[in-house]
$ cat data25.pdb   # PDB, C-alpha atoms
ATOM      1  CA  MET A   1      64.152 138.052  95.956  1.00  0.00           C
ATOM      2  CA  LYS A   2      62.857 136.384  92.867  1.00  0.00           C
ATOM      3  CA  CYS A   3      61.288 133.898  95.081  1.00  0.00           C
ATOM      4  CA  LEU A   4      62.544 135.239  98.235  1.00  0.00           C
ATOM      5  CA  LEU A   5      59.928 135.473 100.712  1.00  0.00           C
ATOM      6  CA  ALA A   6      57.716 135.137  97.756  1.00  0.00           C
ATOM      7  CA  ILE A   7      58.368 131.538  98.048  1.00  0.00           C
ATOM      8  CA  VAL A   8      57.522 131.922 101.546  1.00  0.00           C
ATOM      9  CA  LEU A   9      54.315 133.001 100.300  1.00  0.00           C
ATOM     10  CA  ILE A  10      54.426 131.028  97.376  1.00  0.00           C
ATOM     11  CA  GLY A  11      54.399 129.113 100.263  1.00  0.00           C
ATOM     12  CA  VAL A  12      51.324 130.577 101.575  1.00  0.00           C
ATOM     13  CA  VAL A  13      49.413 129.316  98.764  1.00  0.00           C
ATOM     14  CA  CYS A  14      50.946 129.458  95.489  1.00  0.00           C
ATOM     15  CA  ALA A  15      54.056 127.950  96.562  1.00  0.00           C
ATOM     16  CA  VAL A  16      51.999 124.935  96.815  1.00  0.00           C
ATOM     17  CA  GLN A  17      53.384 124.507  93.415  1.00  0.00           C
ATOM     18  CA  LEU A  18      56.690 123.648  94.964  1.00  0.00           C
ATOM     19  CA  ALA A  19      57.554 120.217  96.180  1.00  0.00           C
ATOM     20  CA  GLU A  20      60.230 117.590  96.108  1.00  0.00           C
ATOM     21  CA  ALA A  21      63.167 117.871  93.728  1.00  0.00           C
ATOM     22  CA  ARG A  22      63.086 116.107  90.385  1.00  0.00           C
ATOM     23  CA  PRO A  23      66.146 114.527  88.855  1.00  0.00           C
ATOM     24  CA  GLU A  24      66.926 117.783  87.030  1.00  0.00           C
ATOM     25  CA  ASP A  25      67.180 119.424  90.436  1.00  0.00           C
ATOM     26  CA  LYS A  26      63.954 121.334  90.039  1.00  0.00           C
ATOM     27  CA  TYR A  27      60.976 121.196  92.340  1.00  0.00           C
ATOM     28  CA  THR A  28      58.190 119.062  91.022  1.00  0.00           C
ATOM     29  CA  SER A  29      55.698 120.694  88.678  1.00  0.00           C
ATOM     30  CA  LYS A  30      53.017 118.362  90.046  1.00  0.00           C
ATOM     31  CA  TYR A  31      51.152 121.282  91.635  1.00  0.00           C
ATOM     32  CA  ASP A  32      51.722 123.889  88.925  1.00  0.00           C
ATOM     33  CA  ASN A  33      48.094 123.612  87.824  1.00  0.00           C
ATOM     34  CA  ILE A  34      46.823 125.060  91.104  1.00  0.00           C
ATOM     35  CA  ASN A  35      45.002 128.305  90.379  1.00  0.00           C
ATOM     36  CA  VAL A  36      46.745 130.777  92.667  1.00  0.00           C
ATOM     37  CA  ASP A  37      44.226 133.531  91.935  1.00  0.00           C
ATOM     38  CA  GLU A  38      41.393 131.247  93.004  1.00  0.00           C
ATOM     39  CA  VAL A  39      43.140 130.362  96.258  1.00  0.00           C
ATOM     40  CA  LEU A  40      43.847 134.001  97.064  1.00  0.00           C
ATOM     41  CA  ALA A  41      40.264 135.014  96.262  1.00  0.00           C
ATOM     42  CA  ASN A  42      38.704 132.256  98.386  1.00  0.00           C
ATOM     43  CA  ASP A  43      39.226 132.890 102.101  1.00  0.00           C
ATOM     44  CA  ARG A  44      38.441 129.293 103.028  1.00  0.00           C
ATOM     45  CA  LEU A  45      41.136 127.942 100.687  1.00  0.00           C
ATOM     46  CA  TYR A  46      43.564 130.665 101.648  1.00  0.00           C
ATOM     47  CA  GLN A  47      43.142 129.902 105.369  1.00  0.00           C
ATOM     48  CA  LYS A  48      43.828 126.207 104.747  1.00  0.00           C
ATOM     49  CA  TYR A  49      47.148 126.950 103.097  1.00  0.00           C
ATOM     50  CA  PHE A  50      48.083 129.638 105.599  1.00  0.00           C
ATOM     51  CA  GLY A  51      47.211 127.396 108.556  1.00  0.00           C
ATOM     52  CA  CYS A  52      49.238 124.594 107.035  1.00  0.00           C
ATOM     53  CA  LEU A  53      52.281 126.817 106.561  1.00  0.00           C
ATOM     54  CA  MET A  54      51.991 128.091 110.103  1.00  0.00           C
ATOM     55  CA  GLY A  55      51.603 124.577 111.492  1.00  0.00           C
ATOM     56  CA  THR A  56      48.224 125.244 113.101  1.00  0.00           C
ATOM     57  CA  ILE A  57      46.223 122.751 111.042  1.00  0.00           C
ATOM     58  CA  THR A  58      46.829 119.443 109.328  1.00  0.00           C
ATOM     59  CA  CYS A  59      48.156 119.888 105.809  1.00  0.00           C
ATOM     60  CA  ALA A  60      46.990 118.342 102.573  1.00  0.00           C
ATOM     61  CA  SER A  61      49.864 116.815 100.585  1.00  0.00           C
ATOM     62  CA  ASP A  62      50.415 119.913  98.424  1.00  0.00           C
ATOM     63  CA  GLY A  63      50.554 122.223 101.431  1.00  0.00           C
ATOM     64  CA  LYS A  64      52.940 119.910 103.265  1.00  0.00           C
ATOM     65  CA  TYR A  65      55.318 119.813 100.293  1.00  0.00           C
ATOM     66  CA  LEU A  66      55.195 123.576 100.091  1.00  0.00           C
ATOM     67  CA  ARG A  67      55.911 123.976 103.791  1.00  0.00           C
ATOM     68  CA  ASP A  68      58.820 121.537 103.495  1.00  0.00           C
ATOM     69  CA  VAL A  69      60.294 123.252 100.417  1.00  0.00           C
ATOM     70  CA  ILE A  70      60.135 126.870 101.562  1.00  0.00           C
ATOM     71  CA  PRO A  71      63.324 126.772 103.682  1.00  0.00           C
ATOM     72  CA  ASP A  72      65.346 125.330 100.795  1.00  0.00           C
ATOM     73  CA  ALA A  73      63.825 127.735  98.279  1.00  0.00           C
ATOM     74  CA  LEU A  74      64.714 130.696 100.482  1.00  0.00           C
ATOM     75  CA  LYS A  75      68.233 129.426 101.079  1.00  0.00           C
ATOM     76  CA  THR A  76      68.915 128.782  97.370  1.00  0.00           C
ATOM     77  CA  LYS A  77      67.132 131.887  96.040  1.00  0.00           C
ATOM     78  CA  CYS A  78      64.595 129.620  94.387  1.00  0.00           C
ATOM     79  CA  ALA A  79      67.236 128.008  92.196  1.00  0.00           C
ATOM     80  CA  LYS A  80      65.110 124.863  91.881  1.00  0.00           C
ATOM     81  CA  CYS A  81      61.890 126.732  91.074  1.00  0.00           C
ATOM     82  CA  THR A  82      60.343 126.700  87.625  1.00  0.00           C
ATOM     83  CA  GLU A  83      59.479 130.047  86.041  1.00  0.00           C
ATOM     84  CA  LYS A  84      55.806 129.371  86.785  1.00  0.00           C
ATOM     85  CA  GLN A  85      56.603 128.776  90.450  1.00  0.00           C
ATOM     86  CA  LYS A  86      58.646 131.972  90.636  1.00  0.00           C
ATOM     87  CA  ALA A  87      55.795 133.963  89.106  1.00  0.00           C
ATOM     88  CA  GLY A  88      53.311 132.368  91.500  1.00  0.00           C
ATOM     89  CA  ALA A  89      55.551 133.094  94.467  1.00  0.00           C
ATOM     90  CA  GLU A  90      55.812 136.739  93.523  1.00  0.00           C
ATOM     91  CA  LYS A  91      52.044 136.989  93.051  1.00  0.00           C
ATOM     92  CA  VAL A  92      51.409 135.506  96.491  1.00  0.00           C
ATOM     93  CA  MET A  93      54.028 137.711  98.077  1.00  0.00           C
ATOM     94  CA  ARG A  94      52.520 140.871  96.603  1.00  0.00           C
ATOM     95  CA  TYR A  95      49.050 139.768  97.719  1.00  0.00           C
ATOM     96  CA  LEU A  96      50.158 139.126 101.277  1.00  0.00           C
ATOM     97  CA  ILE A  97      52.089 142.359 101.620  1.00  0.00           C
ATOM     98  CA  GLU A  98      49.257 144.455 100.164  1.00  0.00           C
ATOM     99  CA  LYS A  99      46.151 142.637 101.434  1.00  0.00           C
ATOM    100  CA  LYS A 100      47.225 140.531 104.436  1.00  0.00           C
ATOM    101  CA  PRO A 101      50.177 142.313 106.067  1.00  0.00           C
ATOM    102  CA  ASP A 102      49.617 140.621 109.429  1.00  0.00           C
ATOM    103  CA  ASP A 103      49.801 137.200 107.766  1.00  0.00           C
ATOM    104  CA  TRP A 104      52.953 138.295 105.946  1.00  0.00           C
ATOM    105  CA  LYS A 105      54.540 139.199 109.289  1.00  0.00           C
ATOM    106  CA  GLU A 106      53.606 135.810 110.738  1.00  0.00           C
ATOM    107  CA  ILE A 107      55.156 134.026 107.781  1.00  0.00           C
ATOM    108  CA  GLU A 108      58.320 136.088 108.114  1.00  0.00           C
ATOM    109  CA  LYS A 109      58.518 135.227 111.822  1.00  0.00           C
ATOM    110  CA  LYS A 110      58.227 131.541 111.047  1.00  0.00           C
ATOM    111  CA  PHE A 111      60.489 131.243 108.010  1.00  0.00           C
ATOM    112  CA  ASP A 112      62.879 134.179 108.567  1.00  0.00           C
ATOM    113  CA  PRO A 113      63.044 134.762 112.336  1.00  0.00           C
ATOM    114  CA  LYS A 114      66.428 136.544 112.196  1.00  0.00           C
ATOM    115  CA  GLY A 115      65.566 138.646 109.134  1.00  0.00           C
ATOM    116  CA  ASP A 116      68.440 137.209 107.100  1.00  0.00           C
ATOM    117  CA  TYR A 117      66.356 136.559 103.975  1.00  0.00           C
ATOM    118  CA  ARG A 118      64.659 139.937 104.223  1.00  0.00           C
ATOM    119  CA  LYS A 119      68.089 141.582 104.119  1.00  0.00           C
ATOM    120  CA  ALA A 120      69.316 139.331 101.322  1.00  0.00           C
ATOM    121  CA  TYR A 121      66.272 139.925  99.123  1.00  0.00           C
ATOM    122  CA  GLN A 122      65.400 143.526  99.977  1.00  0.00           C
ATOM    123  CA  GLU A 123      67.199 145.097  97.010  1.00  0.00           C
ATOM    124  CA  ASP A 124      65.656 142.648  94.533  1.00  0.00           C
ATOM    125  CA  ALA A 125      62.215 143.312  95.997  1.00  0.00           C
ATOM    126  CA  LYS A 126      62.749 147.034  95.577  1.00  0.00           C
ATOM    127  CA  LYS A 127      63.747 146.561  91.917  1.00  0.00           C
ATOM    128  CA  ARG A 128      60.498 144.646  91.377  1.00  0.00           C
ATOM    129  CA  GLY A 129      58.451 147.417  92.950  1.00  0.00           C
ATOM    130  CA  ILE A 130      57.683 145.428  96.086  1.00  0.00           C
ATOM    131  CA  LYS A 131      57.748 147.497  99.254  1.00  0.00           C
ATOM    132  CA  LEU A 132      58.424 145.216 102.187  1.00  0.00           C
ATOM    133  CA  PRO A 133      56.510 146.342 105.278  1.00  0.00           C
ATOM    134  CA  SER A 134      58.492 147.664 108.224  1.00  0.00           C
TER
END
$ encode --input "data25.pdb" --output "structure tokens"
Amino acid sequence: MKCLLAIVLIGVVCAVQLAEARPEDKYTSKYDNINVDEVLANDRLYQKYFGCLMGTITCASDGKYLRDVIPDALKTKCAKCTEKQKAGAEKVMRYLIEKKPDDWKEIEKKFDPKGDYRKAYQEDAKKRGIKLPS
């Protein structure tokens, strides 16, 4: 789950840190300087990233990369993520589950419509103290 849906949410905001793969087979660190806490604390910024991920608004380049990377990150268990990206993904995931559960559900519907990733990452989430909503 390390980046599980977290990436999804990393996706939501933080995941903005993810992008295209570098030669070392890692996602670019180009967006690693984005302050995830600032995005989560600022509803205007948060809504821009969330809308981008959901496809309801036009994305800035960082949001578009994030949206494009989330499916691969989920499929590969974030194998191409840097440690900073993994930490950011988990932070975003926790925030969404605790503070924006309806948004979390929307993201799950979009990026995990069959619930496959939820099942695959559920045990890891539990070990990390993350209680996935029903």
$ closest_atom_pairs --input "data25.pdb" --of "region 49-79 of chain A" --to "region 22-36 of chain A" --cutoff "12 Å" --atoms "all atoms listed in the file" --output "tab-separated table"
residue	atom	partner	partner_atom	distance
A:Tyr49	CA	A:Val36	CA	11.1
A:Ser61	CA	A:Tyr31	CA	10.1
A:Asp62	CA	A:Tyr31	CA	7.0
A:Gly63	CA	A:Tyr31	CA	9.9
A:Lys64	CA	A:Tyr31	CA	11.8
A:Tyr65	CA	A:Tyr31	CA	9.7
A:Leu66	CA	A:Tyr31	CA	9.6
A:Asp68	CA	A:Tyr27	CA	11.4
A:Val69	CA	A:Tyr27	CA	8.4
A:Ile70	CA	A:Tyr27	CA	10.9
A:Asp72	CA	A:Tyr27	CA	10.4
A:Ala73	CA	A:Tyr27	CA	9.3
A:Thr76	CA	A:Lys26	CA	11.6
A:Cys78	CA	A:Lys26	CA	9.4
A:Ala79	CA	A:Lys26	CA	7.7
$ closest_atom_pairs --input "data25.pdb" --of "region 24-105 of chain A" --to "region 123-127 of chain A" --cutoff "12 Å" --atoms "all atoms listed in the file" --output "CSV"
residue,atom,partner,partner_atom,distance
A:Lys77,CA,A:Asp124,CA,11.0
A:Glu90,CA,A:Ala125,CA,9.5
A:Met93,CA,A:Ala125,CA,10.1
A:Arg94,CA,A:Ala125,CA,10.0
A:Ile97,CA,A:Ala125,CA,11.6
$ resolve_selection --input "data25.pdb" --expression "the PyMOL selection byres ((chain A and resi 101-103) around 12)" --output "PyMOL selection string"
chain A and resi 8-9+11-13+46-47+49-51+53-54+92-100+104-110+131-134
$ atom_distance --input "data25.pdb" --atom1 "CA of Gly129 (chain A)" --atom2 "CA of Arg44 (chain A)"
28.8 Å
$ atom_distance --input "data25.pdb" --atom1 "CA of Leu40 (chain A)" --atom2 "CA of Gly88 (chain A)"
11.1 Å
$ atom_distance --input "data25.pdb" --atom1 "CA of Tyr117 (chain A)" --atom2 "CA of Ile57 (chain A)"
25.4 Å
$ build_atoms --input "data25.pdb" --residues "region 47-60 of chain A" --atoms "N, CA and C atoms" --output "compact mmCIF listing (two decimals), in the frame of the given file"
# COMPACT_ATOMS: atom_id res chain seq x y z
N GLN A 47 42.91 130.23 103.96
CA GLN A 47 43.14 129.90 105.37
C GLN A 47 43.70 128.49 105.54
N LYS A 48 43.29 127.57 104.67
CA LYS A 48 43.83 126.21 104.75
C LYS A 48 45.33 126.20 104.47
N TYR A 49 45.72 126.90 103.42
CA TYR A 49 47.15 126.95 103.10
C TYR A 49 47.93 127.72 104.16
N PHE A 50 47.39 128.83 104.59
CA PHE A 50 48.08 129.64 105.60
C PHE A 50 48.23 128.84 106.90
N GLY A 51 47.15 128.20 107.34
CA GLY A 51 47.21 127.40 108.56
C GLY A 51 48.21 126.26 108.44
N CYS A 52 48.27 125.66 107.27
CA CYS A 52 49.24 124.59 107.04
C CYS A 52 50.65 125.13 107.16
N LEU A 53 50.93 126.24 106.50
CA LEU A 53 52.28 126.82 106.56
C LEU A 53 52.67 127.19 107.98
N MET A 54 51.71 127.66 108.74
CA MET A 54 51.99 128.09 110.10
C MET A 54 52.01 126.92 111.09
N GLY A 55 51.59 125.75 110.63
CA GLY A 55 51.60 124.58 111.49
C GLY A 55 50.45 124.51 112.47
N THR A 56 49.36 125.23 112.18
CA THR A 56 48.22 125.24 113.10
C THR A 56 47.12 124.28 112.70
N ILE A 57 47.20 123.75 111.48
CA ILE A 57 46.22 122.75 111.04
C ILE A 57 46.95 121.65 110.28
N THR A 58 46.27 120.54 110.10
CA THR A 58 46.83 119.44 109.33
C THR A 58 46.87 119.84 107.86
N CYS A 59 47.96 119.50 107.21
CA CYS A 59 48.16 119.89 105.81
C CYS A 59 47.71 118.80 104.84
N ALA A 60 47.18 119.24 103.71
CA ALA A 60 46.99 118.34 102.57
C ALA A 60 48.39 118.12 101.99
